[in-house]
Amino acid sequence: MRSWPLPCAGARRLQLASSRPCVRRGGRLLVRAEAEAKPSTAAPSADAPTPAGDHSAAPAATEQQPAAAEQEAEQKAADWELPEDELAFEEPSGGKKAWTSVKLAFALPWRRFKSESVLTLKLSGQIAEQPQGRFSKTVSLPALCECLRKAALDPRVVGVCVKVEPLACGWGKLQELRRHIEHFKQSGKFSIAYLERGGEKEYYLASCFGEVYIPPSANLSLRGLSVSGTFLREALEKVGVEPEVRRIGVYKSAGDQLLRSDMSEAQREQLTALLDDIYGGFLEHVAAARGKSREEVAAFLDEGVFDMEAFRQRGFVDDLKYECELEELLKQRTGGKEDELRKVGYNKYKSVSPSAFGLTGRKAIAIVRAAGAITGSSGGTGSSITSTQVISQLRGLKKNKNIAAVVLRIDSPGGDALASDLMWREIRELSKTKPVIASMSDVAASGGYYMAMAAKKVVAEALTITGSIGVVTGKFNLQDLYRRIGYGKEVLSRGKYAQLLAENKAFTPEEEALFDASAQHAYESFRNKAADSRGMSVEAMQEVAQGRVWSGQRAAQLGLVDHVGGLWRAVQLAKREAGLAADEAVRVLEVSRAQTSPLQLLGGGASAPAALGLLLLQALAGGSPAQGAQAAAATAGAPLLLQALAASRGGSAAGGAAAAAASAAQTLEGLADGRVLAAMPDILVEGVASQALLGQPGFGSDSGSSGGLFDD
């Protein structure tokens, strides 16, 4: 179980809000008016009549003054304003610095490195939301952020230098990384970003560093952002597959992918709004980082600049340097001999314990990270949220008296509606005894939002994709396909609806009516629970639901989330809800870890004949052969029909083909089984140049320069 410290807010004395007297009941604070309005099983007060022979009230009266003082202290601890800067750097005192030096001097050998070193990191491809296993080569967001926080306080580290390569992650993770880079910069140490190949996402991250360098021959291109929709109706018709899908919600475009051959006006409306929000955020954040106006950044993108010298002259990078020249620059800024570069890499530095910097506390806040599509049981090769595993974690935390509060970190487009509802219920139950705060990463939509809305407070990044309160369900009618390939199937049954989900026939009128009513019931249950969870009327929730997706910034304005910010804003809220003081240091415990088993790669089988999968793979167009193969590999273990459909969609998300295909396979498999899904379609607002880079051969490999600066 990994722990990392929460920085104190001592540098910024926080104003205290109302100090109304309060009492503690059931593990949570209640203001006096609320406490008196609720039935209580506590001992009678001193003012209550005392039964004959009962003298228990007498000692209670003598304890009123200490109890009142304790209640007032608890209320003051609970009522404080959130700091404006979510992650502010606080210069440690002389005593803390001396204690840190002592602990580092006695650190384990594999955690030691020379003083006056530079921390070198290389970011490429996927950035995982969950902490990774010991032998995983994938960098994780928690580990990266922890490295930056430690390096800001580490007297051995004089700066950080990061090589940014093509990235396959969302905007929410990039915002979290930018926040930690800004935190590091407040320490006064230098920060450098180096790019050889990059687009909008890569530059968005690099722009917040103190210095940005690129080689004269770099492939850096800023063209703009885009979002697309994919449609399979005509492709399915060509091979005799009829999707009988019901999607509840005008904007629930998950069904449109199978039912339409073009974009509906409702989908165009929501995607346009989402694109505008993320593009606006991109312009605003880059402009602030590079000392430009939004108009200057937008004009630069529209020029289609391809000459790297123009990037330097216009102030979008600091200078043109090859990696070897950057290495010489770092030698001058670090200690050691003239030709020696003192550095420490990611793998070594992440093993350095945060406790070496004296940032620990008696109370603990647990971080539960849920990433991937939502399923009811484990299986498949991709990352997924298994309801049984999440519920088990939550119940364990409920019993753990050392945990003061829980932050639920969500990165999911949704999935199985039943699994989402079961987790929603468990989160609500945990909230009765301990504060639960939801923090959204890249996406927390549909089933992902279902989980988040159960928390006491919800925090989202400005560029998070969220909402999508709606459901989709259905089945595939393969009658025509079976006829074309000469495959016969007859079913004998008893019961009016026994063949409701039979794939060899269309719905009867009675079956269709039942299916429609069932889907509507599932939607209304989701919507009504969302209204209750968010303290809104059903009518008000209906206005913002209907399957529509929102940016985190827009969702905050509509009341779907409470605060705009990242993980540390959620931790601050958790502290406050738990009744802890603003300047009280706490331990933050990572209780989730990615589980990857080689046995998952051996799964297989199909519910449709092998010939069916081969025919569809040949008939459905989309993406390059390499992307199709990558998508098919990502969906191994799913029925071949679903592998084929997912492979055809893999090309729609260059660079994220494997993850998108795995998510698509789970959605399609759920529809084939007739399950009700709280799932969002593949909505990826991508940088145009970034997307092109991810589709190039060699993506994810150690291409580019092979010097020693960023070797780990």
# chains A, B, ... in the order shown; residues from 1 in each chain; ligands from 1
$ residues_around --residues "A:Ala460" --least-positions-apart "5" --cutoff "8 Å" --atoms "only C-alpha atoms" --output "list in words"
Ser439, Met440, Ser441, Gly552, Gln553, Val561, His563, Val564, Gly565 and Gly566 of chain A
$ closest_residue --among "A:Tyr194, A:Lys348, A:Lys434, A:Gly172" --to "A:Leu320" --atoms "only C-alpha atoms"
A:Tyr194
$ closest_atom_pairs --of "stretch 424-523 of chain A" --to "stretch 175-186 of chain A" --cutoff "9 Å" --atoms "only C-alpha atoms" --output "JSON lines"
{"residue": "A:Ser441", "atom": "CA", "partner": "A:Glu176", "partner_atom": "CA", "distance": 8.4}
{"residue": "A:Glu461", "atom": "CA", "partner": "A:Gln175", "partner_atom": "CA", "distance": 7.2}
{"residue": "A:Ala462", "atom": "CA", "partner": "A:Gln175", "partner_atom": "CA", "distance": 8.4}
{"residue": "A:Leu463", "atom": "CA", "partner": "A:Gln175", "partner_atom": "CA", "distance": 7.9}
$ write_last_selection --atoms "all heavy atoms" --output "CSV table (one decimal), in the first residue's frame"
chain,number,residue,atom,x,y,z
A,441,SER,N,-10.8,12.0,-13.6
A,441,SER,CA,-9.6,12.1,-14.4
A,441,SER,C,-10.0,12.6,-15.8
A,441,SER,O,-10.6,13.6,-16.0
A,441,SER,CB,-8.9,10.8,-14.3
A,441,SER,OG,-7.6,10.9,-15.0
A,461,GLU,N,-11.7,18.0,-13.4
A,461,GLU,CA,-10.8,18.9,-14.1
A,461,GLU,C,-11.7,19.7,-15.1
A,461,GLU,O,-12.7,19.2,-15.6
A,461,GLU,CB,-9.7,18.1,-14.9
A,461,GLU,CG,-8.7,17.4,-14.0
A,461,GLU,CD,-7.7,18.3,-13.4
A,461,GLU,OE1,-7.8,19.6,-13.5
A,461,GLU,OE2,-6.8,17.8,-12.7
A,462,ALA,N,-11.2,20.9,-15.5
A,462,ALA,CA,-12.0,21.7,-16.4
A,462,ALA,C,-12.2,21.0,-17.8
A,462,ALA,O,-13.2,21.2,-18.4
A,462,ALA,CB,-11.2,23.0,-16.6
A,463,LEU,N,-11.2,20.2,-18.1
A,463,LEU,CA,-11.2,19.5,-19.4
A,463,LEU,C,-11.7,18.0,-19.3
A,463,LEU,O,-11.6,17.3,-20.3
A,463,LEU,CB,-9.9,19.6,-20.1
A,463,LEU,CG,-9.3,21.0,-20.3
A,463,LEU,CD1,-8.0,21.0,-21.1
A,463,LEU,CD2,-10.3,21.9,-20.9
$ select_by_dssp --residues "stretch 279-478 of chain A" --states "strand (DSSP E or B)" --output "number ranges by chain"
A: 319-320, 343-345, 364-371, 373-375, 384-386, 403-412, 414-416, 436-445, 457-460, 465-467, 471-477
$ closest_atom_pairs --of "stretch 415-528 of chain A" --to "stretch 352-368 of chain A" --cutoff "10 Å" --atoms "only C-alpha atoms" --output "Markdown table"
| residue | atom | partner | partner_atom | distance |
| --- | --- | --- | --- | --- |
| A:Pro435 | CA | A:Ile365 | CA | 9.8 |
| A:Val436 | CA | A:Ala366 | CA | 9.6 |
| A:Ile437 | CA | A:Ile367 | CA | 9.7 |
| A:Ala438 | CA | A:Val368 | CA | 9.6 |
| A:Ser439 | CA | A:Ile367 | CA | 9.7 |
$ write_last_selection --atoms "N, CA and C atoms" --output "PDB file, in the first residue's frame"
ATOM      1  N   PRO A 435     -16.415  10.426   5.072  1.00  0.00           N
ATOM      2  CA  PRO A 435     -16.588  11.257   3.885  1.00  0.00           C
ATOM      3  C   PRO A 435     -15.981  10.597   2.649  1.00  0.00           C
ATOM      4  N   VAL A 436     -16.707  10.635   1.541  1.00  0.00           N
ATOM      5  CA  VAL A 436     -16.209  10.132   0.264  1.00  0.00           C
ATOM      6  C   VAL A 436     -16.273  11.285  -0.739  1.00  0.00           C
ATOM      7  N   ILE A 437     -15.145  11.601  -1.341  1.00  0.00           N
ATOM      8  CA  ILE A 437     -15.054  12.668  -2.339  1.00  0.00           C
ATOM      9  C   ILE A 437     -14.659  12.032  -3.660  1.00  0.00           C
ATOM     10  N   ALA A 438     -15.367  12.375  -4.737  1.00  0.00           N
ATOM     11  CA  ALA A 438     -15.046  11.843  -6.065  1.00  0.00           C
ATOM     12  C   ALA A 438     -14.145  12.818  -6.803  1.00  0.00           C
ATOM     13  N   SER A 439     -13.138  12.285  -7.461  1.00  0.00           N
ATOM     14  CA  SER A 439     -12.222  13.065  -8.293  1.00  0.00           C
ATOM     15  C   SER A 439     -12.206  12.450  -9.681  1.00  0.00           C
TER      16      SER A 439
END
